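For reference, target_27.cif (mmCIF, C-alpha atoms):
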```
data_entry
#
loop_
_atom_site.label_atom_id
_atom_site.label_comp_id
_atom_site.auth_asym_id
_atom_site.auth_seq_id
_atom_site.Cartn_x
_atom_site.Cartn_y
_atom_site.Cartn_z
CA MET H 4 32.04 -32.17 -38.39
CA GLU H 5 28.88 -31.55 -36.44
CA THR H 6 27.68 -28.01 -36.34
CA THR H 7 25.47 -26.60 -33.64
CA ARG H 8 22.66 -24.26 -34.55
CA LYS H 9 22.50 -21.09 -32.51
CA LYS H 10 19.19 -20.77 -30.66
CA TRP H 11 17.24 -17.56 -30.37
CA ARG H 12 17.96 -16.22 -26.90
CA TRP H 13 14.27 -15.58 -26.10
CA GLY H 14 13.22 -19.12 -27.02
CA VAL H 15 9.51 -19.80 -27.28
CA ASN H 16 8.64 -16.73 -25.18
CA ARG H 17 8.74 -14.43 -28.19
CA TRP H 18 5.91 -16.40 -29.78
CA ILE H 19 3.86 -16.19 -26.60
CA VAL H 20 4.33 -12.41 -26.51
CA LEU H 21 3.41 -12.12 -30.19
CA ALA H 22 0.30 -14.25 -29.69
CA CYS H 23 -0.79 -12.07 -26.75
CA ILE H 24 -0.36 -8.93 -28.85
CA ILE H 25 -2.44 -10.38 -31.68
CA LEU H 26 -5.13 -11.57 -29.28
CA GLY H 27 -5.14 -8.13 -27.67
CA ILE H 28 -5.73 -6.49 -31.06
CA PHE H 29 -8.69 -8.79 -31.72
CA ALA H 30 -10.02 -8.35 -28.16
CA VAL H 31 -10.13 -4.54 -28.25
CA ASN H 32 -12.02 -4.69 -31.54
CA ILE H 33 -14.57 -7.16 -30.18
CA ALA H 34 -15.00 -5.46 -26.80
CA ALA H 35 -13.64 -1.93 -26.88
CA PRO H 36 -12.21 -0.76 -23.51
CA VAL H 37 -14.25 1.77 -21.57
CA GLN H 38 -12.70 4.39 -19.34
CA PRO H 39 -13.92 3.73 -15.78
CA HIS H 40 -15.55 6.33 -13.60
CA ILE H 41 -12.78 7.96 -11.57
CA GLN H 42 -13.50 9.45 -8.16
CA VAL H 43 -11.38 10.03 -5.08
CA ALA H 44 -13.77 8.54 -2.51
CA ALA H 45 -14.40 4.80 -2.45
CA GLU H 46 -17.67 3.82 -4.18
CA LYS H 47 -20.63 2.42 -2.26
CA LEU H 48 -21.58 -1.16 -3.09
CA ILE H 49 -24.91 -0.78 -1.28
CA GLU H 50 -26.79 2.51 -1.11
CA GLU H 51 -28.26 1.76 2.31
CA PRO H 52 -25.88 2.20 5.32
CA LEU H 53 -24.91 -0.92 7.25
CA PHE H 54 -25.24 0.86 10.60
CA ASN H 55 -25.01 4.26 12.23
CA LEU H 56 -21.94 5.46 14.13
CA GLY H 57 -23.69 8.28 15.94
CA PRO H 58 -21.76 11.58 15.65
CA LEU H 59 -19.53 10.03 12.95
CA GLY H 60 -22.49 9.39 10.66
CA ASP H 61 -23.54 6.32 8.69
CA PHE H 62 -21.22 3.41 7.86
CA TYR H 63 -21.50 2.19 4.25
CA LEU H 64 -20.16 -0.92 2.55
CA VAL H 65 -17.61 0.58 0.15
CA ASN H 66 -15.51 -1.37 -2.32
CA THR H 67 -12.26 -0.96 -0.37
CA ILE H 68 -13.64 -3.07 2.50
CA PRO H 69 -13.58 -6.29 0.39
CA ALA H 70 -10.05 -5.26 -0.63
CA LEU H 71 -9.03 -5.02 3.02
CA LEU H 72 -10.48 -8.49 3.70
CA LEU H 73 -8.59 -9.90 0.70
CA VAL H 74 -5.33 -8.37 1.94
CA ASP H 75 -5.90 -9.96 5.35
CA LEU H 76 -6.66 -13.35 3.76
CA ILE H 77 -3.52 -13.19 1.61
CA ILE H 78 -1.34 -12.39 4.64
CA LEU H 79 -2.95 -15.20 6.63
CA GLY H 80 -2.35 -17.55 3.69
CA MET H 81 1.32 -16.54 3.60
CA ALA H 82 1.62 -17.13 7.35
CA TRP H 83 -0.03 -20.55 7.00
CA SER H 84 2.40 -21.46 4.21
CA VAL H 85 5.40 -20.55 6.37
CA ARG H 86 3.97 -22.45 9.37
CA ARG H 87 3.42 -25.52 7.20
CA SER H 88 7.00 -25.37 5.92
CA VAL H 89 8.38 -25.02 9.48
CA ARG H 90 6.32 -27.95 10.76
CA LYS H 91 7.67 -30.13 7.96
CA GLY H 92 11.12 -29.59 9.41
CA ASP H 93 12.71 -28.40 6.17
CA LEU H 94 16.23 -27.17 6.84
CA VAL H 95 16.07 -25.01 3.71
CA PRO H 96 12.61 -23.49 3.14
CA ARG H 97 11.44 -23.56 -0.44
CA GLY H 98 8.97 -21.63 -2.53
CA LEU H 99 6.98 -18.92 -0.77
CA ALA H 100 8.38 -19.81 2.66
CA GLY H 101 11.94 -19.43 1.40
CA ALA H 102 11.19 -16.08 -0.24
CA LEU H 103 9.53 -14.78 2.94
CA GLU H 104 12.45 -15.96 5.06
CA ALA H 105 14.88 -14.04 2.85
CA LEU H 106 12.65 -10.94 2.95
CA ILE H 107 12.25 -11.08 6.75
CA GLU H 108 16.01 -11.49 7.19
CA ILE H 109 16.68 -8.42 5.04
CA LEU H 110 14.12 -6.34 6.93
CA TYR H 111 15.44 -7.45 10.32
CA ASN H 112 19.03 -6.64 9.39
CA LEU H 113 17.91 -3.16 8.31
CA THR H 114 16.11 -2.70 11.62
CA GLU H 115 19.04 -3.95 13.68
CA SER H 116 21.48 -1.62 11.92
CA SER H 117 19.30 1.39 12.77
CA ALA H 118 17.65 0.49 16.09
CA GLY H 119 20.30 -1.66 17.79
CA LYS H 120 18.95 -3.35 20.92
CA TRP H 121 15.44 -2.04 20.19
CA ALA H 122 15.27 -3.98 16.92
CA LYS H 123 13.09 -6.73 18.43
CA ALA H 124 10.49 -4.18 19.55
CA ILE H 125 10.49 -2.18 16.31
CA PHE H 126 10.85 -4.95 13.72
CA PRO H 127 7.28 -6.37 14.01
CA TRP H 128 5.81 -2.96 13.19
CA PHE H 129 8.22 -2.38 10.31
CA ALA H 130 7.63 -5.81 8.77
CA SER H 131 3.86 -5.76 9.30
CA ILE H 132 3.37 -2.32 7.76
CA PHE H 133 5.65 -3.19 4.84
CA LEU H 134 3.77 -6.43 4.04
CA VAL H 135 0.31 -4.89 4.40
CA VAL H 136 1.14 -1.91 2.20
CA LEU H 137 2.98 -4.07 -0.35
CA ILE H 138 0.08 -6.49 -0.80
CA ALA H 139 -2.47 -3.67 -0.80
CA ASN H 140 -0.49 -1.90 -3.54
CA LEU H 141 0.09 -4.97 -5.71
CA MET H 142 -3.47 -6.24 -5.39
CA LYS H 143 -4.82 -3.58 -7.75
CA LEU H 144 -2.76 -5.19 -10.54
CA ILE H 145 -4.73 -8.45 -10.28
CA PRO H 146 -7.10 -8.96 -13.26
CA GLY H 147 -10.70 -8.26 -12.24
CA VAL H 148 -9.84 -5.75 -9.54
CA GLU H 149 -11.49 -2.40 -10.39
CA THR H 150 -13.02 -3.94 -13.54
CA ILE H 151 -15.69 -6.39 -12.31
CA GLY H 152 -18.57 -5.09 -10.26
CA ILE H 153 -22.15 -3.84 -10.20
CA ILE H 154 -23.68 -1.93 -13.11
CA HIS H 155 -26.13 0.73 -12.03
CA HIS H 156 -27.62 3.99 -13.30
CA ALA H 157 -25.16 6.84 -13.60
CA GLU H 158 -25.86 10.37 -12.47
CA LYS H 159 -23.81 11.73 -15.38
CA ASP H 160 -21.31 10.61 -18.04
CA GLY H 161 -22.76 7.12 -18.27
CA HIS H 162 -22.29 4.41 -20.92
CA ALA H 163 -24.51 2.01 -22.79
CA ILE H 164 -24.51 -1.67 -21.81
CA GLN H 165 -24.37 -4.90 -23.79
CA SER H 166 -25.60 -8.29 -22.61
CA LEU H 167 -23.10 -11.13 -22.31
CA GLY H 168 -25.76 -13.69 -21.41
CA GLY H 169 -27.71 -14.31 -18.24
CA ILE H 170 -27.11 -11.63 -15.61
CA TRP H 171 -23.76 -10.60 -17.07
CA TYR H 172 -23.39 -7.29 -18.89
CA THR H 173 -20.54 -5.12 -20.09
CA LEU H 174 -20.23 -1.40 -20.71
CA THR H 175 -19.70 -0.06 -24.22
CA PRO H 176 -17.99 3.20 -25.25
CA GLU H 177 -21.30 4.69 -26.44
CA LYS H 178 -22.99 7.21 -24.18
CA GLY H 179 -25.75 5.84 -22.02
CA ASP H 180 -27.23 5.75 -18.54
CA TYR H 181 -25.03 3.18 -16.79
CA THR H 182 -21.76 3.05 -14.89
CA LEU H 183 -19.75 0.40 -13.06
CA THR H 184 -19.00 0.18 -9.36
CA PRO H 185 -16.19 -2.38 -8.91
CA PHE H 186 -16.54 -5.05 -6.22
CA VAL H 187 -12.91 -4.45 -5.23
CA ARG H 188 -10.88 -1.26 -5.48
CA GLY H 189 -7.19 -0.83 -4.69
CA LEU H 190 -6.96 -0.42 -0.93
CA SER H 191 -4.19 2.18 -1.04
CA THR H 192 -6.38 4.46 -3.20
CA ASP H 193 -8.65 4.98 -0.18
CA LEU H 194 -7.53 7.89 2.00
CA ASN H 195 -9.19 6.29 5.03
CA PHE H 196 -6.74 3.38 4.83
CA THR H 197 -3.62 5.51 4.42
CA VAL H 198 -4.65 7.90 7.24
CA GLY H 199 -5.43 4.97 9.54
CA LEU H 200 -2.07 3.38 8.81
CA ALA H 201 -0.31 6.70 9.37
CA LEU H 202 -2.04 7.13 12.75
CA VAL H 203 -0.90 3.65 13.81
CA SER H 204 2.66 4.41 12.71
CA VAL H 205 2.92 7.77 14.48
CA PHE H 206 1.13 6.58 17.64
CA MET H 207 3.34 3.51 18.03
CA THR H 208 6.39 5.70 17.50
CA GLN H 209 5.38 7.59 20.65
CA VAL H 210 4.81 4.30 22.50
CA ILE H 211 8.29 3.05 21.55
CA GLY H 212 9.76 6.40 22.63
CA VAL H 213 8.10 6.21 26.06
CA ARG H 214 9.24 2.59 26.50
CA ALA H 215 12.83 3.59 25.72
CA GLN H 216 13.11 6.89 27.61
CA GLY H 217 10.23 6.87 30.04
CA TRP H 218 8.24 10.04 30.58
CA ARG H 219 11.33 12.13 29.78
CA TYR H 220 10.49 11.40 26.14
CA PHE H 221 7.79 14.09 26.25
CA LEU H 222 10.41 16.73 27.08
CA LYS H 223 11.17 16.54 23.38
CA PHE H 224 7.82 18.29 22.79
CA PHE H 225 7.38 20.35 25.98
CA ASN H 226 10.83 21.25 27.25
CA VAL H 227 10.43 23.55 30.27
CA THR H 228 13.42 22.31 32.28
CA THR H 229 15.51 25.41 31.52
CA LEU H 230 12.71 27.92 31.10
CA PHE H 231 13.29 29.54 34.53
CA SER H 232 16.99 28.83 35.16
CA ARG H 233 18.07 30.16 31.75
CA PRO H 234 15.10 32.13 30.40
CA PHE H 235 16.57 32.97 26.97
CA PHE H 236 17.81 29.49 26.11
CA GLY H 237 14.81 27.98 27.90
CA ALA H 238 12.45 29.92 25.63
CA ILE H 239 14.37 28.66 22.59
CA ASP H 240 14.13 25.06 23.86
CA PHE H 241 10.40 25.50 24.43
CA LEU H 242 9.87 26.84 20.88
CA VAL H 243 11.94 23.96 19.46
CA GLY H 244 9.67 21.58 21.33
CA LEU H 245 6.62 23.16 19.73
CA LEU H 246 8.25 22.74 16.32
CA GLU H 247 8.85 19.07 17.16
CA THR H 248 5.16 18.71 18.00
CA ILE H 249 4.13 20.25 14.69
CA SER H 250 6.64 18.03 12.89
CA GLU H 251 5.19 14.92 14.56
CA LEU H 252 1.67 15.85 13.47
CA ALA H 253 2.92 16.64 9.96
CA LYS H 254 4.16 13.04 9.68
CA ILE H 255 0.54 11.90 9.60
CA LEU H 256 -0.18 14.08 6.57
CA SER H 257 3.10 13.12 4.91
CA PHE H 258 2.54 9.38 5.37
CA SER H 259 -1.09 9.54 4.29
CA PHE H 260 -0.89 11.66 1.17
CA ARG H 261 2.40 10.25 -0.14
CA LEU H 262 1.01 6.72 -0.34
CA PHE H 263 -2.48 7.78 -1.40
CA GLY H 264 -1.24 10.22 -4.05
CA ASN H 265 1.13 7.77 -5.71
CA MET H 266 -1.29 4.85 -5.79
CA PHE H 267 -4.30 6.93 -6.90
CA ALA H 268 -2.21 8.46 -9.68
CA GLY H 269 -1.29 4.93 -10.74
CA PHE H 270 -4.96 3.96 -10.81
CA VAL H 271 -5.75 6.93 -13.07
CA LEU H 272 -2.75 6.21 -15.30
CA ILE H 273 -3.75 2.58 -15.82
CA ALA H 274 -7.34 3.59 -16.56
CA LEU H 275 -6.33 6.19 -19.16
CA VAL H 276 -3.61 4.16 -20.87
CA GLY H 277 -5.82 1.07 -20.95
CA THR H 278 -8.46 3.09 -22.78
CA LEU H 279 -6.31 5.16 -25.16
CA LEU H 280 -3.55 2.62 -25.96
CA PRO H 281 -5.06 -0.74 -25.06
CA VAL H 282 -2.52 -2.99 -26.82
CA PHE H 283 1.03 -3.71 -25.58
CA ILE H 284 1.62 -0.33 -23.87
CA PRO H 285 -0.39 -1.23 -20.69
CA SER H 286 2.14 -4.02 -20.02
CA PHE H 287 4.86 -1.42 -19.46
CA VAL H 288 2.52 0.65 -17.30
CA TYR H 289 1.72 -2.38 -15.14
CA LEU H 290 5.42 -3.13 -14.76
CA PHE H 291 6.05 0.47 -13.73
CA GLU H 292 3.15 0.37 -11.25
CA ALA H 293 4.52 -2.84 -9.73
CA PHE H 294 7.83 -1.06 -9.19
CA ILE H 295 6.08 1.95 -7.62
CA ALA H 296 4.04 -0.38 -5.38
CA VAL H 297 7.19 -1.97 -3.97
CA ILE H 298 8.97 1.38 -3.54
CA GLN H 299 6.03 2.99 -1.73
CA ALA H 300 5.66 0.03 0.63
CA PHE H 301 9.37 0.13 1.42
CA VAL H 302 9.35 3.92 1.95
CA PHE H 303 6.34 3.75 4.31
CA GLY H 304 7.81 0.90 6.35
CA MET H 305 11.36 2.27 6.34
CA LEU H 306 10.31 5.72 7.53
CA THR H 307 8.26 4.13 10.31
CA MET H 308 11.27 2.10 11.41
CA VAL H 309 13.64 5.10 11.27
CA PHE H 310 11.26 7.33 13.26
CA MET H 311 10.83 4.61 15.89
CA ALA H 312 14.59 4.14 16.12
CA GLN H 313 15.06 7.90 16.57
CA ALA H 314 12.39 7.93 19.30
CA THR H 315 14.48 5.50 21.39
CA ARG H 316 17.37 7.94 21.54
CA GLY H 317 17.63 10.78 24.04
CA HIS H 318 19.48 14.03 23.55
CA GLY H 319 22.75 12.14 23.86
CA GLY H 320 21.90 9.86 20.99
CA GLU H 321 21.42 6.68 23.06
CA SER H 322 18.34 5.15 24.62
CA GLU H 323 18.22 5.50 28.38
CA HIS H 324 16.38 2.33 29.41
CA HIS H 325 16.81 -1.33 28.61
#
```
Would you encode the structure as C-alpha cells?
Amino acid sequence: METTRKKWRWGVNRWIVLACIILGIFAVNIAAPVQPHIQVAAEKLIEEPLFNLGPLGDFYLVNTIPALLLVDLIILGMAWSVRRSVRKGDLVPRGLAGALEALIEILYNLTESSAGKWAKAIFPWFASIFLVVLIANLMKLIPGVETIGIIHHAEKDGHAIQSLGGIWYTLTPEKGDYTLTPFVRGLSTDLNFTVGLALVSVFMTQVIGVRAQGWRYFLKFFNVTTLFSRPFFGAIDFLVGLLETISELAKILSFSFRLFGNMFAGFVLIALVGTLLPVFIPSFVYLFEAFIAVIQAFVFGMLTMVFMAQATRGHGGESEHH
C-alpha cells in the first residue's frame, strides 16, 4: 500500500525566509544601519535655486520633485499597459491591465452609488486622486528611496563615511561631519504636495457644485434670501452659511495634514525600526506601512468623491440641473 508523505504547508518559502534572516544578520554586522537625518521640509539636492518666483521667493530642486516625476512615469506606464492590452483585442485583460480594470470597476461602482447621474463627472477626479496618492504612498517602500543620495557636510549630528570604491561612499554609525540627502523622498511626506492636492480637491468640488446647481450653489455659503422677509430665521441661515464656508476651508487643512501626518509618521517609524531592530522586524513595519498607504489613498479619494456628490445636491437632496 502506497503511502503519501505530508508536505510542509509553506513549501520552499520557509527556507527563503530563513536565508533572508541569516543574510540580514550578516549584513547588519558588515554595514551597520545608520539612522537618517529626519526633517519635515524636503531636502535640497542643489544649494543654488533653479529660478526666482518673485514675491514667492526662490525655487529649489528638492528631493520630492524627482519623486513626483517618478509617480507620473509610473502612471503613464500603467496607462500604456492598459492601452496595449486594449489594442490587442483581449476579451479578458490579463496581468496589470486586468487588475486595473477590476480596480476601476470597483471605484466607478462606488461613485455611481453615491453620485448617481453625476458619476461620470466625478469619477475621473476620484480615480485620479486615488491612483496618484496610492502610488506616491507606496513608492517610499521601494528599496533605494530615501536611502541613496548625495553625501555632504552636515551642520550638526553628522556621521563618518566609508569608501565603497570609486565615487561611492556609505555612512557609518560613528560621529562625523557628513549626512545624506536622498535623491528621492516619499512624495506624500512633503506638505506642499498634500496641500496642493487638497486645493485641487476642494476647488473642483465647488466646480462640480456650480455645474449641478448653477449659481444657486453659492447660497449654501451666503444665504441672504430670507434675511429681510424673515429676519430671525434669515439671520440663522446666514450664520449657517458662514459655518459652511469655514467648514469648506477646514477641508483643506484636514485633507493636507491627515495624509502628510500619517505618511511622515511612517517614514520616521521605518527609519527608527530599521536602525534599532534591523533584522526581521522591519518586514512587519513595511507590511503595516503598505496597508496604511492603501487606506490613506482610499480615504483621500473617497472623501473627495463624497464631498463632490454632496455638492451636486440642493436643499432638497437632489441636483437641480442635468
Item checked: Answer key for the PyMOL selection byres ((chain H and resi 99-115) around 8), residues as a list in words -> Met81, Ser84, Val85, Ser88, Val95, Pro96, Arg97, Gly98, Ser116, Ser117, Ala118, Gly119, Lys120, Trp121, Ala122, Ile125, Phe126, Phe129, Ala130 and Met308 of chain H
| request: Determine, counting all atoms listed in the file, which protein, DNA and RNA residues have an atom within 9 Å of an atom of Gln38 in chain H; residues of the same chain fewer than 3 positions away are not included. Present the result as a PyMOL selection string. | output: chain H and resi 41+176+274-275+277-279
Original post:
What gap, in Å, lies between CA of Ala300 in chain H and CA of Ile138 in chain H?
Top reply: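 Pair CA of Ala300 in chain H / CA of Ile138 in chain H returns 8.7 Å.
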Note to self: Residues within 12 Å of Pro285 in chain H, please, as a list of chain:residue names. Count only C-alpha atoms; anything in the same chain fewer than 4 positions from it doesn't count.
What the structure shows: H:Ile24, H:Gly27, H:Leu144, H:Gly269, H:Leu272, H:Ile273, H:Ala274, H:Leu275, H:Val276, H:Gly277, H:Thr278, H:Leu279, H:Leu280, H:Pro281, H:Tyr289, H:Leu290, H:Phe291, H:Glu292
Set the distance at 12 Å and use all atoms listed in the file: which residues neighbour Phe294 in chain H once local chain neighbours fewer than 6 positions away are removed? I'd like the list as a PDB file with C-alpha atoms, in the frame of the given file.
```pdb
ATOM      1  CA  LEU H 137       2.980  -4.070  -0.350  1.00  0.00           C
ATOM      2  CA  ASN H 140      -0.490  -1.900  -3.540  1.00  0.00           C
ATOM      3  CA  LEU H 141       0.090  -4.970  -5.710  1.00  0.00           C
ATOM      4  CA  LEU H 144      -2.760  -5.190 -10.540  1.00  0.00           C
ATOM      5  CA  ASN H 265       1.130   7.770  -5.710  1.00  0.00           C
ATOM      6  CA  MET H 266      -1.290   4.850  -5.790  1.00  0.00           C
ATOM      7  CA  GLY H 269      -1.290   4.930 -10.740  1.00  0.00           C
ATOM      8  CA  PHE H 287       4.860  -1.420 -19.460  1.00  0.00           C
ATOM      9  CA  VAL H 288       2.520   0.650 -17.300  1.00  0.00           C
ATOM     10  CA  ALA H 300       5.660   0.030   0.630  1.00  0.00           C
ATOM     11  CA  PHE H 301       9.370   0.130   1.420  1.00  0.00           C
TER      12      PHE H 301
END
```
Could you state which residues are captured by the PyMOL selection byres ((chain H and resi 148) around 9) in this file, as a list in words? Ala70, Met142, Lys143, Leu144, Ile145, Pro146, Gly147, Glu149, Thr150, Ile151, Gly152, Pro185, Phe186, Val187, Arg188 and Gly189 of chain H
When distances are computed from all atoms listed in the file, which of H:Glu50, H:Ile33, H:Gln313, H:Arg86 shows the smallest separation from Gly212 in chain H?
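Using all atoms listed in the file, the shortest distance to Gly212 in chain H belongs to H:Gln313.
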Atom pair CA of Leu174 in chain H + CA of Val37 in chain H, distance 6.8 Å
Using Å and a single decimal, report how far CA of Leu48 in chain H sits from CA of Thr175 in chain H.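 Spanning CA of Thr175 in chain H to CA of Leu48 in chain H is a straight-line distance of 21.2 Å.
Minimum atom-to-atom distance to Leu53 in chain H, evaluated using all atoms listed in the file, belongs to H:Val65 out of H:Thr228, H:Leu71, H:Phe236, H:Val65.
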All file atoms of range 136-153 of chain H boxed axis-aligned, 6 Å per side, centre plus edges, as lines of an AutoDock Vina configuration file:
```
center_x = -9.6
center_y = -5.4
center_z = -5.7
size_x = 37.1
size_y = 19.1
size_z = 27.7
```
The residue from H:Phe258, H:Phe221, H:Phe54, H:Tyr172 with the smallest atom-to-atom distance to Phe241 in chain H, counting only C-alpha atoms, is H:Phe221
